[in-house]
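Trainee: Structure: entry_11.txt, compact mmCIF, C-alpha atoms and all ligand atoms.
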```txt
# COMPACT_ATOMS: atom_id res chain seq x y z
CA MET L 1 117.56 81.81 154.79
CA ARG L 2 115.52 85.02 155.08
CA ARG L 3 113.63 85.34 158.36
CA LEU L 4 110.17 86.89 157.96
CA ALA L 5 107.89 88.65 160.46
CA ILE L 6 104.35 89.25 159.19
CA LEU L 7 102.06 91.95 160.57
CA GLY L 8 98.51 91.00 159.52
CA SER L 9 99.16 87.34 158.71
CA THR L 10 95.50 86.26 158.55
CA GLY L 11 94.52 88.82 155.91
CA SER L 12 94.52 88.55 152.15
CA ILE L 13 98.14 89.76 151.75
CA GLY L 14 99.26 87.94 154.91
CA GLU L 15 97.95 84.60 153.68
CA GLN L 16 99.41 85.05 150.20
CA THR L 17 102.77 85.98 151.76
CA LEU L 18 102.68 82.75 153.76
CA ALA L 19 101.78 80.83 150.58
CA VAL L 20 104.86 82.22 148.80
CA ALA L 21 107.08 81.53 151.84
CA ALA L 22 105.72 77.96 152.10
CA SER L 23 106.62 77.27 148.46
CA PHE L 24 110.30 78.06 149.21
CA PRO L 25 110.98 76.53 152.63
CA ASP L 26 114.74 76.52 152.04
CA ARG L 27 114.72 80.32 151.47
CA PHE L 28 112.26 81.64 154.06
CA ARG L 29 111.60 81.01 157.71
CA VAL L 30 108.51 82.60 159.23
CA CYS L 31 109.62 83.65 162.70
CA ALA L 32 106.87 86.02 163.89
CA LEU L 33 103.16 86.52 163.16
CA ALA L 34 100.63 89.16 164.20
CA ALA L 35 96.91 89.29 163.52
CA GLY L 36 93.75 90.77 164.98
CA ARG L 37 90.80 88.51 165.69
CA ARG L 38 90.88 85.43 163.46
CA ILE L 39 92.26 83.13 166.14
CA GLU L 40 91.42 79.82 164.48
CA LYS L 41 93.24 80.76 161.29
CA LEU L 42 96.19 82.10 163.28
CA ALA L 43 96.38 78.84 165.26
CA GLU L 44 96.59 76.92 161.97
CA GLN L 45 99.42 79.21 160.81
CA VAL L 46 101.31 78.69 164.08
CA ARG L 47 101.02 74.89 163.71
CA ARG L 48 102.25 75.07 160.15
CA PHE L 49 105.07 77.63 160.42
CA ASP L 50 106.19 77.23 164.06
CA PRO L 51 107.07 80.93 164.66
CA ASP L 52 108.95 82.14 167.76
CA VAL L 53 106.37 84.80 168.63
CA VAL L 54 102.70 85.39 167.80
CA SER L 55 100.60 88.43 168.60
CA VAL L 56 96.80 88.75 168.64
CA GLY L 57 94.50 91.73 169.13
CA ASP L 58 93.67 91.38 172.83
CA ALA L 59 94.10 89.32 176.00
CA ASP L 60 90.98 87.21 175.34
CA GLY L 61 92.32 86.31 171.91
CA ALA L 62 95.68 85.39 173.44
CA ALA L 63 93.96 83.10 175.98
CA GLU L 64 91.95 81.47 173.19
CA LEU L 65 95.07 80.97 171.09
CA ARG L 66 96.91 79.37 174.04
CA ALA L 67 93.97 77.04 174.59
CA ARG L 68 94.07 76.03 170.92
CA LEU L 69 97.82 75.43 170.96
CA PRO L 70 98.64 73.32 174.01
CA GLY L 71 102.39 72.89 174.33
CA ALA L 72 103.18 75.31 171.46
CA ARG L 73 106.73 76.67 171.41
CA ALA L 74 105.64 80.16 170.27
CA LYS L 75 105.52 82.99 172.76
CA ILE L 76 101.95 84.35 172.61
CA VAL L 77 101.55 88.09 173.17
CA HIS L 78 98.83 90.67 172.46
CA GLY L 79 97.82 94.28 171.88
CA ALA L 80 100.15 97.16 171.06
CA GLU L 81 103.07 95.55 172.91
CA GLY L 82 102.50 92.31 171.05
CA LEU L 83 102.57 94.10 167.71
CA ALA L 84 105.79 95.84 168.72
CA ALA L 85 107.33 92.50 169.72
CA VAL L 86 106.55 91.04 166.28
CA ALA L 87 107.68 94.20 164.46
CA THR L 88 111.04 94.26 166.26
CA HIS L 89 111.63 90.50 166.41
CA ASP L 90 114.93 89.26 165.06
CA ALA L 91 113.73 89.06 161.42
CA ASP L 92 115.44 90.08 158.17
CA LEU L 93 112.23 91.43 156.64
CA VAL L 94 108.99 92.63 158.21
CA VAL L 95 105.94 92.32 155.94
CA ALA L 96 103.56 95.16 156.83
CA ALA L 97 100.19 93.67 155.81
CA MET L 98 97.81 95.09 158.37
CA VAL L 99 95.11 97.41 157.10
CA GLY L 100 94.64 101.08 157.90
CA ALA L 101 96.14 103.40 160.50
CA ALA L 102 96.63 100.56 162.99
CA GLY L 103 99.74 99.49 161.07
CA LEU L 104 101.60 102.79 161.48
CA ARG L 105 103.14 102.28 164.94
CA PRO L 106 104.37 98.71 164.38
CA THR L 107 105.77 99.58 160.93
CA LEU L 108 107.68 102.54 162.40
CA ALA L 109 108.89 100.28 165.21
CA ALA L 110 110.24 97.80 162.65
CA ILE L 111 112.07 100.55 160.75
CA ARG L 112 113.50 102.00 163.98
CA ALA L 113 114.72 98.51 164.93
CA GLY L 114 116.64 98.44 161.63
CA ARG L 115 114.40 95.93 159.85
CA ASP L 116 113.81 96.00 156.12
CA VAL L 117 110.09 96.40 155.41
CA ALA L 118 107.91 94.99 152.62
CA LEU L 119 104.98 97.40 152.65
CA ALA L 120 101.45 96.43 151.64
CA ASN L 121 99.79 98.60 154.31
CA LYS L 122 99.70 101.73 152.12
CA GLU L 123 97.91 103.81 154.77
CA VAL L 124 101.23 103.96 156.66
CA LEU L 125 102.79 106.07 153.89
CA VAL L 126 99.60 108.01 153.25
CA MET L 127 99.44 109.08 156.90
CA ALA L 128 103.09 109.67 157.61
CA GLY L 129 105.12 109.49 154.41
CA ALA L 130 107.62 112.21 155.34
CA LEU L 131 108.20 110.78 158.80
CA VAL L 132 108.48 107.18 157.58
CA LEU L 133 110.95 108.12 154.84
CA ARG L 134 113.07 110.08 157.33
CA GLU L 135 113.25 107.01 159.57
CA VAL L 136 113.98 104.72 156.61
CA HIS L 137 116.97 106.89 155.67
CA ALA L 138 118.14 107.38 159.26
CA HIS L 139 118.18 103.63 159.88
CA GLY L 140 119.47 102.63 156.43
CA VAL L 141 116.70 100.07 155.86
CA ALA L 142 114.98 99.05 152.62
CA LEU L 143 111.31 99.89 152.03
CA LEU L 144 110.03 97.48 149.37
CA PRO L 145 106.60 98.03 147.83
CA VAL L 146 104.09 95.18 147.76
CA ASP L 147 101.18 97.11 146.26
CA SER L 148 101.04 95.81 142.66
CA GLU L 149 101.23 99.27 141.04
CA HIS L 150 104.19 100.36 143.16
CA SER L 151 105.93 97.05 142.64
CA ALA L 152 105.48 97.61 138.89
CA ILE L 153 107.03 101.09 139.13
CA PHE L 154 109.82 99.78 141.36
CA GLN L 155 110.57 97.07 138.78
CA ALA L 156 110.38 99.48 135.83
CA LEU L 157 112.71 101.94 137.59
CA ALA L 158 115.40 99.31 138.19
CA GLY L 159 118.51 100.38 136.29
CA GLN L 160 117.15 103.86 135.52
CA ARG L 161 118.61 107.05 136.89
CA ARG L 162 116.16 108.81 139.20
CA GLU L 163 116.65 112.12 137.37
CA ASP L 164 115.50 110.54 134.10
CA LEU L 165 112.03 109.81 135.49
CA ALA L 166 109.47 112.23 134.02
CA ARG L 167 106.12 110.74 135.02
CA ILE L 168 104.52 107.84 136.85
CA VAL L 169 101.24 106.44 135.55
CA LEU L 170 99.28 104.26 137.95
CA THR L 171 96.80 101.90 136.36
CA ALA L 172 93.39 101.40 137.97
CA SER L 173 90.92 98.64 137.15
CA GLY L 174 88.09 101.15 137.57
CA GLY L 175 86.40 98.88 140.11
CA PRO L 176 82.94 97.33 139.90
CA PHE L 177 81.20 100.65 139.10
CA ARG L 178 83.40 101.78 136.22
CA THR L 179 80.52 101.84 133.74
CA TRP L 180 77.71 102.74 136.16
CA PRO L 181 75.91 106.12 136.04
CA ALA L 182 76.47 108.43 139.03
CA GLU L 183 72.94 107.97 140.42
CA ARG L 184 73.33 104.21 140.54
CA ILE L 185 76.83 104.42 142.10
CA ALA L 186 75.48 106.70 144.83
CA MET L 187 73.05 104.00 145.92
CA ALA L 188 75.29 100.94 145.46
CA THR L 189 75.03 98.31 148.20
CA ALA L 190 77.92 96.87 150.18
CA GLN L 191 77.43 93.56 148.42
CA GLU L 192 77.80 95.25 145.02
CA ALA L 193 80.81 97.26 146.17
CA LEU L 194 82.53 94.16 147.56
CA GLN L 195 82.52 92.45 144.12
CA HIS L 196 85.86 93.47 142.65
CA PRO L 197 86.20 92.46 138.98
CA ASN L 198 89.88 91.35 139.05
CA TRP L 199 91.22 91.01 142.61
CA SER L 200 90.13 89.23 145.77
CA MET L 201 91.19 91.43 148.70
CA GLY L 202 90.23 92.46 152.23
CA PRO L 203 86.97 94.46 152.63
CA LYS L 204 88.49 97.92 153.24
CA ILE L 205 90.66 98.00 150.11
CA THR L 206 87.81 96.47 148.09
CA ILE L 207 85.53 99.37 149.02
CA ASP L 208 88.41 101.79 148.35
CA SER L 209 88.74 100.22 144.90
CA ALA L 210 85.05 100.83 144.21
CA THR L 211 85.25 104.54 145.18
CA LEU L 212 88.71 104.79 143.50
CA MET L 213 89.98 106.13 146.85
CA ASN L 214 92.42 103.21 146.63
CA LYS L 215 93.97 104.89 143.58
CA GLY L 216 93.99 108.19 145.43
CA LEU L 217 95.82 106.61 148.37
CA GLU L 218 98.21 104.99 145.89
CA LEU L 219 99.04 108.37 144.34
CA ILE L 220 100.11 109.54 147.78
CA GLU L 221 101.98 106.26 148.39
CA ALA L 222 103.85 106.75 145.08
CA ARG L 223 104.70 110.33 145.98
CA TRP L 224 106.71 109.06 148.97
CA LEU L 225 108.08 105.80 147.59
CA PHE L 226 109.46 107.38 144.44
CA GLY L 227 109.93 111.02 145.45
CA ALA L 228 107.53 112.21 142.73
CA SER L 229 105.70 115.54 142.78
CA PRO L 230 101.90 115.63 142.30
CA ASP L 231 102.45 116.93 138.73
CA GLN L 232 104.45 113.81 137.89
CA LEU L 233 101.70 111.44 139.03
CA ASP L 234 98.91 110.26 136.77
CA VAL L 235 96.17 107.63 136.70
CA VAL L 236 94.82 105.69 133.74
CA VAL L 237 91.94 103.23 133.95
CA HIS L 238 92.83 99.81 132.56
CA PRO L 239 90.00 97.34 133.17
CA GLN L 240 91.97 94.13 132.46
CA SER L 241 94.54 94.74 135.26
CA ILE L 242 97.37 93.29 133.15
CA VAL L 243 99.56 96.40 132.92
CA HIS L 244 100.27 97.07 136.60
CA SER L 245 101.68 100.60 136.09
CA LEU L 246 104.06 102.56 133.88
CA ILE L 247 106.90 105.04 134.06
CA GLU L 248 107.72 107.63 131.44
CA LEU L 249 111.36 108.71 131.08
CA ARG L 250 112.39 112.16 129.95
CA ASP L 251 113.10 111.00 126.39
CA GLY L 252 109.43 109.96 126.09
CA SER L 253 110.10 106.24 126.45
CA VAL L 254 107.47 104.41 128.52
CA LEU L 255 108.24 101.27 130.53
CA ALA L 256 105.54 99.06 132.01
CA GLN L 257 105.35 95.89 134.05
CA LEU L 258 102.77 93.32 133.00
CA GLY L 259 101.43 90.14 134.52
CA LEU L 260 98.26 88.30 135.42
CA PRO L 261 96.56 89.95 138.40
CA ASP L 262 98.02 87.81 141.19
CA MET L 263 99.44 89.46 144.33
CA ARG L 264 101.85 86.57 144.85
CA ILE L 265 104.03 88.09 142.11
CA PRO L 266 104.62 91.51 143.74
CA ILE L 267 104.83 89.80 147.14
CA ALA L 268 107.57 87.50 145.78
CA VAL L 269 109.42 90.47 144.25
CA ALA L 270 109.56 92.11 147.68
CA LEU L 271 110.36 88.93 149.65
CA ALA L 272 113.27 87.85 147.46
CA HIS L 273 114.62 91.24 146.33
CA PRO L 274 116.93 91.52 144.40
CA GLU L 275 116.50 87.89 143.34
CA ARG L 276 113.49 86.43 141.50
CA LEU L 277 111.62 83.35 142.67
CA PRO L 278 110.64 80.64 140.19
CA LEU L 279 106.91 80.95 140.97
CA ASP L 280 104.68 78.15 139.76
CA LEU L 281 101.79 80.32 138.56
CA PRO L 282 99.79 80.59 135.33
CA ARG L 283 101.72 82.66 132.75
CA LEU L 284 100.47 85.72 130.91
CA ASP L 285 99.35 84.82 127.39
CA LEU L 286 98.78 88.13 125.59
CA ALA L 287 97.17 86.48 122.58
CA LYS L 288 94.63 84.95 124.94
CA VAL L 289 94.04 88.30 126.70
CA GLY L 290 93.52 89.72 123.20
CA ARG L 291 93.21 93.40 124.01
CA LEU L 292 94.26 95.90 126.62
CA ASP L 293 91.99 98.91 127.10
CA PHE L 294 92.81 102.28 128.63
CA GLU L 295 90.63 105.26 129.46
CA ALA L 296 90.85 108.42 131.56
CA PRO L 297 89.28 108.14 135.01
CA ASP L 298 85.92 109.92 135.34
CA ARG L 299 86.68 112.40 138.09
CA SER L 300 83.10 113.52 138.59
CA ARG L 301 81.72 110.01 139.15
CA PHE L 302 84.83 109.15 141.21
CA PRO L 303 85.72 112.31 143.18
CA ALA L 304 88.24 110.43 145.36
CA ILE L 305 91.01 110.98 142.81
CA ASP L 306 90.72 114.76 143.07
CA LEU L 307 90.49 114.55 146.85
CA ALA L 308 93.85 112.74 146.85
CA TYR L 309 95.43 115.40 144.61
CA ALA L 310 94.03 118.11 146.90
CA ALA L 311 95.55 116.32 149.90
CA LEU L 312 98.87 115.93 148.07
CA ARG L 313 98.95 119.64 147.35
CA GLY L 314 97.92 120.52 150.90
CA ASP L 315 100.09 120.45 154.01
CA GLU L 316 101.82 117.32 155.32
CA ALA L 317 98.84 116.49 157.57
CA ALA L 318 96.29 116.59 154.74
CA PRO L 319 96.82 113.00 153.51
CA ALA L 320 96.54 111.72 157.10
CA VAL L 321 93.28 113.64 157.43
CA LEU L 322 91.91 112.22 154.17
CA ASN L 323 92.96 108.71 155.16
CA ALA L 324 91.32 108.89 158.59
CA ALA L 325 88.07 110.36 157.21
CA ASN L 326 88.01 107.60 154.61
CA GLU L 327 88.53 104.85 157.20
CA VAL L 328 85.61 106.19 159.24
CA ALA L 329 83.40 106.60 156.16
CA VAL L 330 84.19 103.13 154.78
CA ALA L 331 83.45 101.52 158.16
CA ALA L 332 80.17 103.50 158.33
CA PHE L 333 79.21 102.35 154.83
CA LEU L 334 79.99 98.70 155.64
CA ALA L 335 77.93 99.05 158.83
CA GLY L 336 74.97 100.30 156.78
CA ARG L 337 75.08 103.80 158.31
CA ILE L 338 75.64 105.76 155.07
CA ALA L 339 75.09 105.36 151.35
CA PHE L 340 78.01 104.53 149.05
CA GLY L 341 77.96 108.02 147.56
CA ALA L 342 78.37 109.57 151.01
CA ILE L 343 81.85 108.05 151.48
CA ALA L 344 83.43 110.63 149.18
CA SER L 345 81.31 113.50 150.49
CA VAL L 346 82.25 112.75 154.12
CA CYS L 347 85.92 112.71 153.09
CA ALA L 348 85.56 115.92 151.06
CA ALA L 349 83.92 117.81 153.93
CA VAL L 350 86.60 116.80 156.44
CA LEU L 351 89.46 117.54 154.04
CA ASP L 352 87.97 120.95 153.13
CA ARG L 353 87.69 121.85 156.81
CA HIS L 354 91.28 120.79 157.37
CA LEU L 355 92.64 122.70 154.39
CA ALA L 356 90.79 125.83 155.52
CA ARG L 357 92.59 125.72 158.90
CA ALA L 358 95.86 124.13 157.77
CA THR L 359 99.05 125.76 158.98
CA GLN L 360 101.46 124.08 156.54
CA ALA L 361 103.47 122.92 159.56
CA PRO L 362 105.38 119.73 158.76
CA LEU L 363 104.57 116.62 160.78
CA ALA L 364 107.52 116.55 163.15
CA ASP L 365 106.71 113.28 164.88
CA LEU L 366 104.26 110.46 165.31
CA GLU L 367 102.23 112.45 167.84
CA ASN L 368 101.50 115.14 165.19
CA VAL L 369 100.33 112.45 162.77
CA LEU L 370 98.11 110.84 165.37
CA GLU L 371 96.64 114.24 166.30
CA ALA L 372 95.68 114.90 162.66
CA ASP L 373 94.26 111.37 162.44
CA ALA L 374 92.21 111.80 165.64
CA TRP L 375 90.94 115.23 164.58
CA ALA L 376 89.78 113.88 161.21
CA ARG L 377 88.09 110.85 162.77
CA ALA L 378 86.13 113.10 165.15
CA GLU L 379 85.17 115.44 162.27
CA ALA L 380 84.09 112.51 160.12
CA GLU L 381 81.97 111.14 162.99
CA ASN L 382 80.33 114.56 163.34
CA GLY L 383 79.66 114.52 159.62
CA LEU L 384 78.09 111.07 159.91
CA ARG L 385 75.84 112.22 162.75
CA GLU L 386 74.70 115.22 160.73
CA ARG L 387 73.91 112.88 157.87
CA SER L 388 71.92 110.36 159.89
CA GLY L 389 68.54 110.28 158.25
CA ASP L 390 70.10 110.93 154.85
CA HIS L 391 70.89 107.27 154.34
CA GLY L 392 70.08 106.24 150.82
CA CYS L 393 69.61 109.68 149.30
CA GLU L 394 73.17 110.95 149.12
CA GLY L 395 74.78 112.03 145.82
CA ALA L 396 78.19 110.77 144.75
CA ALA L 397 79.61 114.20 144.04
CA ARG L 398 80.30 116.69 146.74
P1 LIG L 401 92.70 92.20 155.26
O1 LIG L 401 91.59 92.93 155.91
O2 LIG L 401 92.44 90.98 154.48
O3 LIG L 401 93.81 91.81 156.38
C1 LIG L 401 94.23 92.69 157.39
C2 LIG L 401 95.11 91.95 158.39
O4 LIG L 401 95.49 92.87 159.42
C3 LIG L 401 94.41 90.79 159.11
O5 LIG L 401 95.36 89.78 159.39
C4 LIG L 401 93.95 91.43 160.42
O6 LIG L 401 93.82 90.47 161.46
C5 LIG L 401 95.13 92.35 160.68
N1 LIG L 401 94.79 93.47 161.57
C6 LIG L 401 93.92 94.48 161.30
N2 LIG L 401 93.85 95.31 162.37
C7 LIG L 401 94.70 94.82 163.29
C8 LIG L 401 95.09 95.23 164.59
N3 LIG L 401 94.59 96.34 165.17
N4 LIG L 401 96.00 94.47 165.27
C9 LIG L 401 96.52 93.36 164.70
N5 LIG L 401 96.19 92.92 163.48
C10 LIG L 401 95.29 93.65 162.79
O7 LIG L 401 93.47 93.28 154.36
P2 LIG L 401 94.33 93.02 153.03
O8 LIG L 401 93.45 93.03 151.85
O9 LIG L 401 95.27 91.89 153.23
O10 LIG L 401 95.15 94.39 152.96
C11 LIG L 401 96.25 94.67 153.82
C12 LIG L 401 96.93 95.95 153.36
O11 LIG L 401 97.51 95.70 152.09
C13 LIG L 401 95.96 97.11 153.17
O12 LIG L 401 96.58 98.31 153.53
C14 LIG L 401 95.68 97.11 151.68
O13 LIG L 401 95.39 98.39 151.18
C15 LIG L 401 97.01 96.63 151.12
N6 LIG L 401 96.91 95.92 149.83
C16 LIG L 401 96.17 94.80 149.72
C17 LIG L 401 96.06 94.15 148.49
C18 LIG L 401 95.28 92.86 148.36
O14 LIG L 401 95.29 92.28 147.26
N7 LIG L 401 94.60 92.39 149.37
C19 LIG L 401 96.72 94.67 147.36
C20 LIG L 401 97.47 95.82 147.52
C21 LIG L 401 97.57 96.45 148.76
MG MG L 402 97.25 98.51 144.33
```
What would you get if you wrote out this structure as structure tokens?

Mentor:
Amino acid sequence: MRRLAILGSTGSIGEQTLAVAASFPDRFRVCALAAGRRIEKLAEQVRRFDPDVVSVGDADGAAELRARLPGARAKIVHGAEGLAAVATHDADLVVAAMVGAAGLRPTLAAIRAGRDVALANKEVLVMAGALVLREVHAHGVALLPVDSEHSAIFQALAGQRREDLARIVLTASGGPFRTWPAERIAMATAQEALQHPNWSMGPKITIDSATLMNKGLELIEARWLFGASPDQLDVVVHPQSIVHSLIELRDGSVLAQLGLPDMRIPIAVALAHPERLPLDLPRLDLAKVGRLDFEAPDRSRFPAIDLAYAALRGDEAAPAVLNAANEVAVAAFLAGRIAFGAIASVCAAVLDRHLARATQAPLADLENVLEADAWARAEAENGLRERSGDHGCEGAAR
């Protein structure tokens, strides 16, 4: 029986993780849950999975959850301490499925408590990859990728010698604006950007998939998960989302992992590692798919890819800066404060300013990471204020 703690249980990944766990009740016990504000959904999960501890965003949420669960066995906690309690609970595997920078502290707490981690919350590695990897090694825990591309690479690498790896190629669907001209992308609405062609996901990653910043963040995630240099990392656009990523070995052989786009597969790979679960899901029928297309990403219509490479080649703080600026810009876009095209330009301006003042000092601890994050958020907010009035007339390129 593998005991699971889930950070972000009410989100897209959280719910799909619970669905996989529920299909194999003799293999998994859900012992701890944490979520932000969706109290009703969380109450349902508590009734169904009977965890030992549940954490919600704040004290009001905790009071509401208690009121919805009279006589519940679960200990109900909240805030940063609540997240830490879930992250360090007596579980075998912590599923990090929160979104954004908020997941960094609890994920580090889980690693420091010696828990294996299944990581969906890619921003954790983008912000603090060096620090997280140091802690992973110091505590001898496993860090298992949930992101479909990284799960594909992880699966393709199984049985290979690390020194034989020449290149990693991440596939990208291209998002909803793959074929749109730059002028139309610049003015895209939130509703248009939230329509992902192949995946149903939380709002932040869906917007990131439309800008291709998601692929940029995934390049940085791959750098840390697989110890690859920026020169070894590549992106190819593959609109069908059937090939989830590829590795090239030094003899020129290329290995890929394929499957229908369904996050329950990479989630199951991480939950059961090194075993495989007999998932009851539709099977890939290549004859039915018919064709698989590939094209180079258009870096001028989607500048986020180059921003990620620039951050990768910058100092250790640069990815944290890019991530924070992006979180602020995406939230501003979803709130109607800026045009779609301004997301990348806000990020570019903040990253440029950082790189111009960067000291190349490594990020020694969490405080350094959080300082870089806070600096970038303040800079991005300044950028947004300067832009107010521009709404709707911003170009996609910087
Ligand atoms: P989501 O928005 O659907 O869910 C986020 C979850 O985190 C929710 O349960 C929310 O309540 C919780 N949360 C957010 N802030 C919190 C806080 N401060 N305290 C406590 N809980 C908080 O997001 P998602 O689509 O499930 O994505 C989660 C992560 O997985 C992201 O980093 C995303 O990039 C990554 N990911 C998602 C998918 C996908 O298919 N959805 C695929 C690959 C990677
Ligand atoms: Mg992905």

Trainee: Measuring between all atoms listed in the file, which one of L:Asp50, L:Asp58, L:Glu218, L:Glu123 shows the shortest distance to ligand MG 402 (chain L)?

Mentor: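 Smallest distance to ligand MG 402 (chain L) is found for L:Glu218.
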
Trainee: Would you please work out which residue, of L:Thr171, L:Ser229, L:Gln160, L:Gln257, is nearest to ligand MG 402 (chain L) when using all atoms listed in the file?

Mentor: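 Distance minimum relative to ligand MG 402 (chain L) lands on L:Thr171.
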
Trainee: Separation of atom C20 of ligand LIG 401 (chain L) and CA of Ala120 in chain L, in Å?

Mentor: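 Here the two named atoms are 5.8 Å from each other.
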
Trainee: Using all atoms listed in the file, which residues have at least one atom no more than 6 Å from ligand LIG 401 (chain L)? Output them as number ranges by chain.

Mentor: L: 8-14, 34-37, 57, 97-100, 102, 120-123, 147, 201-203, 205, 263

Trainee: Just checking: using all atoms listed in the file, which residue out of L:Ala172, L:Ala364, L:Leu279, L:Val321 ends up closest to ligand MG 402 (chain L)?

Mentor: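 Of L:Ala172, L:Ala364, L:Leu279, L:Val321, the one nearest ligand MG 402 (chain L), counting all atoms listed in the file, is L:Ala172.
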
Trainee: Could you report the residues within 12 Å of ligand MG 402 (chain L), using all atoms listed in the file, as a ChimeraX atom specification?

Mentor: /L:13,119-123,145-153,170-175,198-201,205-206,208-209,212-222,235,241,243-245,261-263,266-267

Trainee: One decimal, Å: what's the distance from CA of Val126 in chain L over to CA of Ala320 in chain L, could you say?

Mentor: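 For CA of Val126 in chain L relative to CA of Ala320 in chain L, the distance reads 6.2 Å.
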
Trainee: Within 9 Å of (106.5, 86.4, 161.5) in the file's own coordinates, which protein, DNA or RNA residues have an atom, counting all atoms listed in the file? List them as a PyMOL selection string.

Mentor: chain L and resi 3-7+9+29-34+49+51-54+86-87+89+91+94-95

Trainee: Would you please work out which residue, of L:Ala130, L:Val56, L:Ala372, L:Leu65, is nearest to Gly82 in chain L when using all atoms listed in the file?

Mentor: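 Closest candidate: L:Val56.
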
Trainee: Ranking L:Pro197, L:Gly341, L:Pro274, L:Pro319 by minimum distance to Gln240 in chain L and counting all atoms listed in the file, which one comes first?

Mentor: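 Closest residue, counting all atoms listed in the file: L:Pro197.
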
Trainee: From the set L:Ala21, L:Leu277, L:Leu233, L:Val132, which residue has the shortest atom-to-atom contact distance to Arg167 in chain L, counting all atoms listed in the file?

Mentor: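 Among the listed residues, L:Leu233 lies closest to Arg167 in chain L.
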